[in-house]
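**Student:** Dumping the structure here so I can ask a few things about it.
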Amino acid sequence: MEDARRHYLDLIRHDGVRLSPALAKAFGAVPREVFVPEGFHRRDGRLVLPADPEFLRAVYSNDVLVTKLRGQKPISSSSQPSLMAVMIEALDVRPGQRILEIGAGTGYNAALLATLGAEVTTVDVQDDVADRARTALARAGITGVRVETGDGYTGGPDGRYDRIIVTVGVAGISPHWMNRLVRDGRIVAPVEHAGMHPVLTAVPAGELSVVCPAGFMSAAGPLAARHPGSHPAPPGSPLTGLEQVVAPRWGAPLEAMAYRDLWFAAGAWNRQVTYATVPGREQSLLAVVSDSSCAVVLPDGAILASSEQASEVALALSDRWWTHGRPPMSAWRAALEPAGPLLVPRTWRLHRP
């Protein structure tokens, strides 16, 4: 087991994730298997049970563990550990802080926060999910975590918090969360943008900044509310009938992170940007989607489209990003503005230090 957890830390660090000594110690100490006692589904849909020979190896992989499905749709999970690590580091946890977590999931993330010395309240709208998280935390011997069933939009039970972390994809920031923060507090949340859920950091009376790209299960209720700045939902099926209208332009294809940077920028400049899939290609692609046409930009700069109008928009967006020096998503800032029940980043701007 000690070797498995040491290898686990290496996997988390593999993509350049930096673990503080305290967080590395927490990942090494909290038994992730205790939080998935009934097994889980892997990313490819396969069910892994505790009796399976691969169970512990899969538990201590750098991958999401899906613990609840509605039909074929995942609705609860233990997130990818490297993403959890990036979000926790962005939260800047200090011993003694009070932390509100929106989305209890398995309870594993709350256990890590408590192991760092925080006092955690975690809220989940699903009774059975909250019950299982509460049981797992007790079984793991984790103290300092209160699990509540409630609406994450309102922030659960009354209280003031130093930090708020959101572990479900949301359409914006709840104003109730801002009201719960202390003056120098911060929120780390995955907020919908162009079909993704990039992780953002928000502070009272300050601008949003981008932590990293991500994809999360979407919340329900007010936290998923559509607003005038919402991007179109990703098409429910692969796009067909597209023709290559622009040949590859960039020599070597963009690496995954650079492609995400392009995607974020395109979404900041144009509200018709989302993601789509294309037959014969495994990865999701940056797409410009309107009622009557669509276009996708491939990592090598080629453009597939169903109309000249859509291809022109896609070409202009990708050229604009290149002309601006291929800015990373971390270079973007936005102020929060009211939009229905949420506070949302309506207008993004490039921040040049």
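In the structure tokens, chains take the letters A, B, ... in the order shown, each chain's residues start at 1, and ligands count up from 1 in the order shown.
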Quick one: everything within 6 Å of Val125 in chain A, counting only C-alpha atoms, minus sequence neighbours fewer than 5 positions away in the same chain. Send it as number ranges by chain.
**Tutor:** A: 149-151
**Student:** Can you write just those residues out, N, CA, C and O atoms, as an mmCIF file, in the first residue's frame?
**Tutor:**
data_model
loop_
_atom_site.group_PDB
_atom_site.id
_atom_site.type_symbol
_atom_site.label_atom_id
_atom_site.label_comp_id
_atom_site.auth_asym_id
_atom_site.auth_seq_id
_atom_site.Cartn_x
_atom_site.Cartn_y
_atom_site.Cartn_z
ATOM 1 N N THR A 149 -26.971 17.953 3.907
ATOM 2 C CA THR A 149 -27.785 17.859 2.699
ATOM 3 C C THR A 149 -28.466 19.196 2.497
ATOM 4 O O THR A 149 -29.127 19.701 3.413
ATOM 5 N N GLY A 150 -28.287 19.787 1.347
ATOM 6 C CA GLY A 150 -28.893 21.087 1.115
ATOM 7 C C GLY A 150 -28.602 21.601 -0.275
ATOM 8 O O GLY A 150 -27.898 20.974 -1.061
ATOM 9 N N ASP A 151 -29.156 22.757 -0.561
ATOM 10 C CA ASP A 151 -29.008 23.407 -1.853
ATOM 11 C C ASP A 151 -27.694 24.182 -1.870
ATOM 12 O O ASP A 151 -27.515 25.134 -1.119
#
**Student:** Give me every helix (DSSP H, G or I) residue in range 198-295 of chain A, going by DSSP on the backbone, as a list in words.
**Tutor:** Gly221, Pro222, Leu223, Ala224, Ala256, Met257, Ala258, Tyr259, Arg260, Asp261, Leu262, Trp263, Phe264, Ala265, Ala266, Gly267, Ala268 and Trp269 of chain A
**Student:** Report the distance between CA of Asp10 in chain A and CA of Thr135 in chain A in Å, rounded to one decimal place.
**Tutor:** 28.9 Å
**Student:** Quick one: distance from CA of Ala110 in chain A to CA of Asn62 in chain A in Å, one decimal?
**Tutor:**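 Pair CA of Ala110 in chain A / CA of Asn62 in chain A returns 17.7 Å.
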**Student:** Compare A:Ala219, A:Val30, A:Ala51, A:Ile187 by their minimum atom-to-atom distance to Pro74 in chain A, counting only C-alpha atoms, and give me the closest one.
**Tutor:**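 Checking each candidate against Pro74 in chain A, we get A:Ala219 as the closest.
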**Student:** Counting only C-alpha atoms, what is within 9 Å of range 142-146 of chain A, bar same-chain residues fewer than 4 positions away, as number ranges by chain?
**Tutor:** A: 30, 110-111, 113-115, 117-123, 134, 136-138
**Student:** Filtering to all heavy atoms, could you give me those residues as a CSV table (one decimal), in the first residue's frame?
**Tutor:**
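Ended up saving to result_30.csv:
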chain,number,residue,atom,x,y,z
A,30,VAL,N,-4.6,10.0,3.3
A,30,VAL,CA,-6.1,9.7,3.3
A,30,VAL,C,-6.3,8.5,2.4
A,30,VAL,O,-5.9,8.5,1.2
A,30,VAL,CB,-6.8,10.9,2.8
A,30,VAL,CG1,-8.3,10.6,2.6
A,30,VAL,CG2,-6.6,12.1,3.7
A,110,ALA,N,-13.1,16.6,0.8
A,110,ALA,CA,-13.3,17.2,2.2
A,110,ALA,C,-12.3,16.6,3.1
A,110,ALA,O,-11.7,17.3,4.0
A,110,ALA,CB,-14.7,17.0,2.7
A,111,ALA,N,-12.0,15.3,3.0
A,111,ALA,CA,-11.0,14.7,3.9
A,111,ALA,C,-9.6,15.3,3.7
A,111,ALA,O,-8.9,15.5,4.6
A,111,ALA,CB,-11.0,13.2,3.6
A,113,LEU,N,-9.0,18.3,2.7
A,113,LEU,CA,-9.0,19.7,3.3
A,113,LEU,C,-8.9,19.6,4.8
A,113,LEU,O,-8.2,20.4,5.4
A,113,LEU,CB,-10.3,20.4,2.9
A,113,LEU,CG,-10.4,20.7,1.4
A,113,LEU,CD1,-11.9,21.2,1.1
A,113,LEU,CD2,-9.4,21.7,0.9
A,114,ALA,N,-9.6,18.7,5.4
A,114,ALA,CA,-9.5,18.5,6.8
A,114,ALA,C,-8.1,18.1,7.3
A,114,ALA,O,-7.6,18.5,8.3
A,114,ALA,CB,-10.6,17.5,7.3
A,115,THR,N,-7.5,17.2,6.5
A,115,THR,CA,-6.2,16.8,6.8
A,115,THR,C,-5.2,17.9,6.8
A,115,THR,O,-4.1,17.9,7.5
A,115,THR,CB,-5.7,15.6,5.9
A,115,THR,OG1,-6.7,14.6,6.0
A,115,THR,CG2,-4.4,15.0,6.2
A,117,GLY,N,-5.8,20.7,8.0
A,117,GLY,CA,-6.1,21.5,9.2
A,117,GLY,C,-7.2,22.4,9.1
A,117,GLY,O,-7.5,23.2,10.0
A,118,ALA,N,-8.1,22.3,8.0
A,118,ALA,CA,-9.2,23.2,7.9
A,118,ALA,C,-10.4,22.6,8.6
A,118,ALA,O,-10.5,21.3,8.8
A,118,ALA,CB,-9.5,23.4,6.4
A,119,GLU,N,-11.4,23.4,8.9
A,119,GLU,CA,-12.7,23.0,9.5
A,119,GLU,C,-13.7,23.1,8.3
A,119,GLU,O,-13.9,24.2,7.8
A,119,GLU,CB,-13.1,24.0,10.6
A,119,GLU,CG,-14.4,23.6,11.2
A,119,GLU,CD,-14.9,24.7,12.2
A,119,GLU,OE1,-14.0,25.3,12.8
A,119,GLU,OE2,-16.1,24.8,12.5
A,120,VAL,N,-14.2,22.0,7.9
A,120,VAL,CA,-14.9,21.9,6.6
A,120,VAL,C,-16.4,21.6,6.8
A,120,VAL,O,-16.8,20.7,7.6
A,120,VAL,CB,-14.3,20.8,5.7
A,120,VAL,CG1,-15.0,20.7,4.3
A,120,VAL,CG2,-12.8,20.9,5.6
A,121,THR,N,-17.2,22.4,6.1
A,121,THR,CA,-18.6,22.1,5.9
A,121,THR,C,-18.8,21.7,4.4
A,121,THR,O,-18.5,22.6,3.6
A,121,THR,CB,-19.5,23.2,6.3
A,121,THR,OG1,-19.3,23.5,7.7
A,121,THR,CG2,-21.0,22.9,6.0
A,122,THR,N,-19.3,20.5,4.1
A,122,THR,CA,-19.5,20.1,2.7
A,122,THR,C,-21.0,19.9,2.5
A,122,THR,O,-21.7,19.3,3.4
A,122,THR,CB,-18.7,18.9,2.4
A,122,THR,OG1,-18.9,18.6,1.0
A,122,THR,CG2,-19.0,17.7,3.2
A,123,VAL,N,-21.6,20.4,1.4
A,123,VAL,CA,-23.0,20.4,1.2
A,123,VAL,C,-23.3,19.6,-0.1
A,123,VAL,O,-22.6,19.9,-1.1
A,123,VAL,CB,-23.5,21.8,1.1
A,123,VAL,CG1,-25.0,21.8,0.7
A,123,VAL,CG2,-23.3,22.6,2.3
A,134,ARG,N,-20.7,10.9,4.5
A,134,ARG,CA,-20.6,11.0,6.0
A,134,ARG,C,-20.1,9.7,6.5
A,134,ARG,O,-19.2,9.7,7.4
A,134,ARG,CB,-22.0,11.3,6.5
A,134,ARG,CG,-22.0,11.7,8.0
A,134,ARG,CD,-23.5,12.1,8.4
A,134,ARG,NE,-24.0,13.3,7.7
A,134,ARG,CZ,-24.9,13.3,6.8
A,134,ARG,NH1,-25.5,12.1,6.5
A,134,ARG,NH2,-25.4,14.4,6.3
A,136,ALA,N,-18.3,7.4,4.9
A,136,ALA,CA,-16.9,7.2,4.5
A,136,ALA,C,-15.9,8.0,5.4
A,136,ALA,O,-14.8,7.5,5.8
A,136,ALA,CB,-16.7,7.5,3.1
A,137,LEU,N,-16.3,9.2,5.7
A,137,LEU,CA,-15.4,10.1,6.5
A,137,LEU,C,-15.2,9.5,7.9
A,137,LEU,O,-14.1,9.5,8.4
A,137,LEU,CB,-16.0,11.5,6.6
A,137,LEU,CG,-15.9,12.3,5.3
A,137,LEU,CD1,-16.9,13.5,5.3
A,137,LEU,CD2,-14.4,12.9,5.2
A,138,ALA,N,-16.3,9.0,8.4
A,138,ALA,CA,-16.2,8.3,9.8
A,138,ALA,C,-15.4,7.1,9.7
A,138,ALA,O,-14.6,6.8,10.6
A,138,ALA,CB,-17.6,8.0,10.3
**Student:** Name the residues in contact with Trp332 in chain A at a cut-off of 12 Å, using only C-alpha atoms, excluding same-chain residues fewer than 4 positions from it; report them as an mmCIF file with C-alpha atoms, in the first residue's frame.
**Tutor:**
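What follows is the written file result_22.cif:
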data_model
loop_
_atom_site.group_PDB
_atom_site.id
_atom_site.type_symbol
_atom_site.label_atom_id
_atom_site.label_comp_id
_atom_site.auth_asym_id
_atom_site.auth_seq_id
_atom_site.Cartn_x
_atom_site.Cartn_y
_atom_site.Cartn_z
ATOM 1 C CA PRO A 198 -12.415 26.190 -16.450
ATOM 2 C CA LEU A 200 -11.742 30.248 -11.734
ATOM 3 C CA THR A 201 -10.698 32.121 -8.599
ATOM 4 C CA GLU A 207 -11.576 40.255 -10.691
ATOM 5 C CA LEU A 208 -11.859 36.627 -11.689
ATOM 6 C CA SER A 209 -8.705 34.831 -12.766
ATOM 7 C CA VAL A 210 -8.311 31.465 -14.467
ATOM 8 C CA VAL A 211 -6.601 28.567 -12.687
ATOM 9 C CA CYS A 212 -6.756 25.747 -15.220
ATOM 10 C CA ASP A 261 -5.860 28.261 -24.488
ATOM 11 C CA LEU A 262 -7.144 28.886 -28.022
ATOM 12 C CA PHE A 264 -10.793 29.765 -24.009
ATOM 13 C CA ALA A 265 -9.834 32.852 -26.031
ATOM 14 C CA ALA A 266 -12.339 32.016 -28.766
ATOM 15 C CA GLY A 267 -15.046 31.696 -26.117
ATOM 16 C CA ALA A 268 -14.042 35.022 -24.558
ATOM 17 C CA TRP A 269 -14.452 36.769 -27.926
ATOM 18 C CA ARG A 326 -1.185 32.816 -28.287
ATOM 19 C CA PRO A 327 -2.112 34.028 -24.767
ATOM 20 C CA PRO A 328 -2.654 31.338 -22.118
ATOM 21 C CA PRO A 345 -18.032 36.840 -16.018
ATOM 22 C CA THR A 347 -16.721 40.524 -20.395
ATOM 23 C CA TRP A 348 -13.218 39.025 -20.472
ATOM 24 C CA ARG A 349 -10.064 41.077 -21.058
ATOM 25 C CA LEU A 350 -6.427 40.149 -21.529
ATOM 26 C CA HIS A 351 -4.259 41.065 -18.569
ATOM 27 C CA ARG A 352 -0.742 42.123 -19.518
ATOM 28 C CA PRO A 353 1.494 42.237 -16.405
#
**Student:** Quick check for you: according to DSSP on this backbone, which residues of range 88-141 of chain A are classed as strand (DSSP E or B)? Reply as a list in words.
**Tutor:**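 Restricting range 88-141 of chain A to strand (DSSP E or B) produces Arg98, Ile99, Leu100, Glu101, Ile102, Glu119, Val120, Thr121, Thr122, Val123 and Asp124 of chain A.
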**Student:** Just all heavy atoms for this one: save the residues we selected as a PDB file, in the first residue's frame.
**Tutor:**
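File produced: selection18.pdb:
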ATOM      1  N   ARG A  98     -11.990  28.097   8.019  1.00  0.00           N
ATOM      2  CA  ARG A  98     -13.312  27.500   7.810  1.00  0.00           C
ATOM      3  C   ARG A  98     -13.569  27.462   6.305  1.00  0.00           C
ATOM      4  O   ARG A  98     -13.495  28.483   5.626  1.00  0.00           O
ATOM      5  CB  ARG A  98     -14.391  28.312   8.524  1.00  0.00           C
ATOM      6  CG  ARG A  98     -14.177  28.416  10.029  1.00  0.00           C
ATOM      7  CD  ARG A  98     -15.395  29.018  10.704  1.00  0.00           C
ATOM      8  NE  ARG A  98     -16.509  28.084  10.617  1.00  0.00           N
ATOM      9  CZ  ARG A  98     -17.788  28.460  10.483  1.00  0.00           C
ATOM     10  NH1 ARG A  98     -18.099  29.736  10.374  1.00  0.00           N
ATOM     11  NH2 ARG A  98     -18.744  27.555  10.435  1.00  0.00           N
ATOM     12  N   ILE A  99     -13.867  26.265   5.793  1.00  0.00           N
ATOM     13  CA  ILE A  99     -14.046  26.068   4.361  1.00  0.00           C
ATOM     14  C   ILE A  99     -15.429  25.498   4.094  1.00  0.00           C
ATOM     15  O   ILE A  99     -15.860  24.547   4.745  1.00  0.00           O
ATOM     16  CB  ILE A  99     -12.969  25.127   3.788  1.00  0.00           C
ATOM     17  CG1 ILE A  99     -11.579  25.763   3.933  1.00  0.00           C
ATOM     18  CG2 ILE A  99     -13.258  24.809   2.318  1.00  0.00           C
ATOM     19  CD1 ILE A  99     -10.453  24.891   3.411  1.00  0.00           C
ATOM     20  N   LEU A 100     -16.107  26.087   3.106  1.00  0.00           N
ATOM     21  CA  LEU A 100     -17.378  25.563   2.618  1.00  0.00           C
ATOM     22  C   LEU A 100     -17.109  24.882   1.285  1.00  0.00           C
ATOM     23  O   LEU A 100     -16.521  25.473   0.376  1.00  0.00           O
ATOM     24  CB  LEU A 100     -18.383  26.700   2.429  1.00  0.00           C
ATOM     25  CG  LEU A 100     -19.709  26.330   1.750  1.00  0.00           C
ATOM     26  CD1 LEU A 100     -20.507  25.341   2.597  1.00  0.00           C
ATOM     27  CD2 LEU A 100     -20.539  27.592   1.460  1.00  0.00           C
ATOM     28  N   GLU A 101     -17.532  23.628   1.179  1.00  0.00           N
ATOM     29  CA  GLU A 101     -17.402  22.879  -0.073  1.00  0.00           C
ATOM     30  C   GLU A 101     -18.794  22.658  -0.652  1.00  0.00           C
ATOM     31  O   GLU A 101     -19.680  22.142   0.042  1.00  0.00           O
ATOM     32  CB  GLU A 101     -16.711  21.537   0.167  1.00  0.00           C
ATOM     33  CG  GLU A 101     -16.559  20.707  -1.097  1.00  0.00           C
ATOM     34  CD  GLU A 101     -16.002  19.314  -0.817  1.00  0.00           C
ATOM     35  OE1 GLU A 101     -16.518  18.634   0.091  1.00  0.00           O
ATOM     36  OE2 GLU A 101     -15.054  18.921  -1.514  1.00  0.00           O
ATOM     37  N   ILE A 102     -18.979  23.044  -1.910  1.00  0.00           N
ATOM     38  CA  ILE A 102     -20.248  22.830  -2.601  1.00  0.00           C
ATOM     39  C   ILE A 102     -20.096  21.578  -3.457  1.00  0.00           C
ATOM     40  O   ILE A 102     -19.378  21.575  -4.454  1.00  0.00           O
ATOM     41  CB  ILE A 102     -20.614  24.039  -3.475  1.00  0.00           C
ATOM     42  CG1 ILE A 102     -20.614  25.338  -2.666  1.00  0.00           C
ATOM     43  CG2 ILE A 102     -21.959  23.807  -4.155  1.00  0.00           C
ATOM     44  CD1 ILE A 102     -21.620  25.365  -1.538  1.00  0.00           C
ATOM     45  N   GLU A 119     -11.372  23.433   8.937  1.00  0.00           N
ATOM     46  CA  GLU A 119     -12.675  23.023   9.464  1.00  0.00           C
ATOM     47  C   GLU A 119     -13.655  23.105   8.300  1.00  0.00           C
ATOM     48  O   GLU A 119     -13.919  24.195   7.777  1.00  0.00           O
ATOM     49  CB  GLU A 119     -13.110  23.954  10.597  1.00  0.00           C
ATOM     50  CG  GLU A 119     -14.448  23.623  11.206  1.00  0.00           C
ATOM     51  CD  GLU A 119     -14.864  24.651  12.248  1.00  0.00           C
ATOM     52  OE1 GLU A 119     -13.977  25.313  12.822  1.00  0.00           O
ATOM     53  OE2 GLU A 119     -16.082  24.790  12.470  1.00  0.00           O
ATOM     54  N   VAL A 120     -14.189  21.959   7.865  1.00  0.00           N
ATOM     55  CA  VAL A 120     -14.892  21.879   6.585  1.00  0.00           C
ATOM     56  C   VAL A 120     -16.381  21.612   6.793  1.00  0.00           C
ATOM     57  O   VAL A 120     -16.766  20.737   7.567  1.00  0.00           O
ATOM     58  CB  VAL A 120     -14.299  20.755   5.707  1.00  0.00           C
ATOM     59  CG1 VAL A 120     -14.973  20.742   4.330  1.00  0.00           C
ATOM     60  CG2 VAL A 120     -12.794  20.921   5.557  1.00  0.00           C
ATOM     61  N   THR A 121     -17.197  22.376   6.059  1.00  0.00           N
ATOM     62  CA  THR A 121     -18.616  22.059   5.893  1.00  0.00           C
ATOM     63  C   THR A 121     -18.828  21.743   4.422  1.00  0.00           C
ATOM     64  O   THR A 121     -18.508  22.556   3.552  1.00  0.00           O
ATOM     65  CB  THR A 121     -19.514  23.247   6.288  1.00  0.00           C
ATOM     66  OG1 THR A 121     -19.323  23.541   7.675  1.00  0.00           O
ATOM     67  CG2 THR A 121     -20.978  22.917   6.042  1.00  0.00           C
ATOM     68  N   THR A 122     -19.314  20.541   4.133  1.00  0.00           N
ATOM     69  CA  THR A 122     -19.536  20.146   2.741  1.00  0.00           C
ATOM     70  C   THR A 122     -21.019  19.886   2.528  1.00  0.00           C
ATOM     71  O   THR A 122     -21.685  19.257   3.358  1.00  0.00           O
ATOM     72  CB  THR A 122     -18.679  18.918   2.354  1.00  0.00           C
ATOM     73  OG1 THR A 122     -18.875  18.622   0.976  1.00  0.00           O
ATOM     74  CG2 THR A 122     -19.004  17.690   3.191  1.00  0.00           C
ATOM     75  N   VAL A 123     -21.553  20.406   1.426  1.00  0.00           N
ATOM     76  CA  VAL A 123     -22.983  20.379   1.164  1.00  0.00           C
ATOM     77  C   VAL A 123     -23.253  19.642  -0.142  1.00  0.00           C
ATOM     78  O   VAL A 123     -22.579  19.894  -1.147  1.00  0.00           O
ATOM     79  CB  VAL A 123     -23.539  21.820   1.058  1.00  0.00           C
ATOM     80  CG1 VAL A 123     -25.027  21.804   0.744  1.00  0.00           C
ATOM     81  CG2 VAL A 123     -23.276  22.588   2.349  1.00  0.00           C
ATOM     82  N   ASP A 124     -24.231  18.742  -0.129  1.00  0.00           N
ATOM     83  CA  ASP A 124     -24.644  18.061  -1.350  1.00  0.00           C
ATOM     84  C   ASP A 124     -26.163  18.010  -1.389  1.00  0.00           C
ATOM     85  O   ASP A 124     -26.814  17.758  -0.362  1.00  0.00           O
ATOM     86  CB  ASP A 124     -24.066  16.649  -1.424  1.00  0.00           C
ATOM     87  CG  ASP A 124     -23.951  16.160  -2.860  1.00  0.00           C
ATOM     88  OD1 ASP A 124     -25.005  15.876  -3.476  1.00  0.00           O
ATOM     89  OD2 ASP A 124     -22.823  16.096  -3.385  1.00  0.00           O
TER      90      ASP A 124
END
**Student:** Hey, what's within 8 Å of range 77-93 of chain A if we count only C-alpha atoms and toss same-chain stuff fewer than 5 positions away? As a count of residues only, please?
**Tutor:** 32
**Student:** Would you list the contacts of Arg46 in chain A as an mmCIF file with N, CA and C atoms, in the first residue's frame, taking every protein, DNA or RNA residue within 12 Å and counting only C-alpha atoms, but skipping same-chain residues closer than 6 positions in sequence?
**Tutor:**
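So the final result, stored in out_16.cif, reads:
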data_model
loop_
_atom_site.group_PDB
_atom_site.id
_atom_site.type_symbol
_atom_site.label_atom_id
_atom_site.label_comp_id
_atom_site.auth_asym_id
_atom_site.auth_seq_id
_atom_site.Cartn_x
_atom_site.Cartn_y
_atom_site.Cartn_z
ATOM 1 N N GLY A 39 -17.365 0.283 -5.036
ATOM 2 C CA GLY A 39 -16.791 0.276 -6.374
ATOM 3 C C GLY A 39 -17.117 1.553 -7.131
ATOM 4 N N PHE A 40 -16.805 1.565 -8.421
ATOM 5 C CA PHE A 40 -16.972 2.770 -9.229
ATOM 6 C C PHE A 40 -16.887 2.395 -10.700
ATOM 7 N N ASP A 52 -12.288 -6.953 -7.323
ATOM 8 C CA ASP A 52 -11.523 -7.078 -8.568
ATOM 9 C C ASP A 52 -10.029 -6.896 -8.310
ATOM 10 N N GLU A 54 -7.847 -5.422 -9.974
ATOM 11 C CA GLU A 54 -7.354 -4.099 -10.365
ATOM 12 C C GLU A 54 -7.885 -2.972 -9.473
ATOM 13 N N PHE A 55 -8.664 -3.320 -8.427
ATOM 14 C CA PHE A 55 -9.366 -2.289 -7.659
ATOM 15 C C PHE A 55 -8.408 -1.240 -7.087
ATOM 16 N N ALA A 58 -6.624 0.860 -9.659
ATOM 17 C CA ALA A 58 -7.500 1.858 -10.276
ATOM 18 C C ALA A 58 -7.809 2.996 -9.312
ATOM 19 N N LEU A 65 -13.257 8.721 -10.600
ATOM 20 C CA LEU A 65 -13.960 7.496 -10.234
ATOM 21 C C LEU A 65 -15.445 7.845 -10.133
ATOM 22 N N VAL A 66 -16.239 7.380 -11.072
ATOM 23 C CA VAL A 66 -17.666 7.712 -11.113
ATOM 24 C C VAL A 66 -18.419 6.791 -10.154
ATOM 25 N N THR A 67 -19.149 7.372 -9.221
ATOM 26 C CA THR A 67 -19.797 6.584 -8.169
ATOM 27 C C THR A 67 -21.316 6.560 -8.260
ATOM 28 N N GLN A 72 -27.120 6.497 -18.153
ATOM 29 C CA GLN A 72 -25.706 6.412 -18.507
ATOM 30 C C GLN A 72 -24.957 7.689 -18.160
#
**Student:** Which residue gives the smallest distance to Ala258 in chain A among A:Met196, A:Met329, A:His324, A:Pro222, with only C-alpha atoms counted?
**Tutor:**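 Answer, going by the shortest atom-to-atom distance: A:Met329.
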**Student:** Skipping near chain neighbours, those fewer than 5 positions away, what residues fall within 6 Å of range 166-169 of chain A using only C-alpha atoms, listed as a list in words?
**Tutor:**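 Everything that qualifies: Glu101, Ile102, Gly103, Ala189, Pro190, Val191, His197, Phe216, Met217, Ser218 and Ala219 of chain A.
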**Student:** Given the choices A:Ser230, A:Ser174, A:Ser284, A:Ser307, which gets closest to Leu343 in chain A if the distance is worked out from only C-alpha atoms?
**Tutor:** A:Ser174
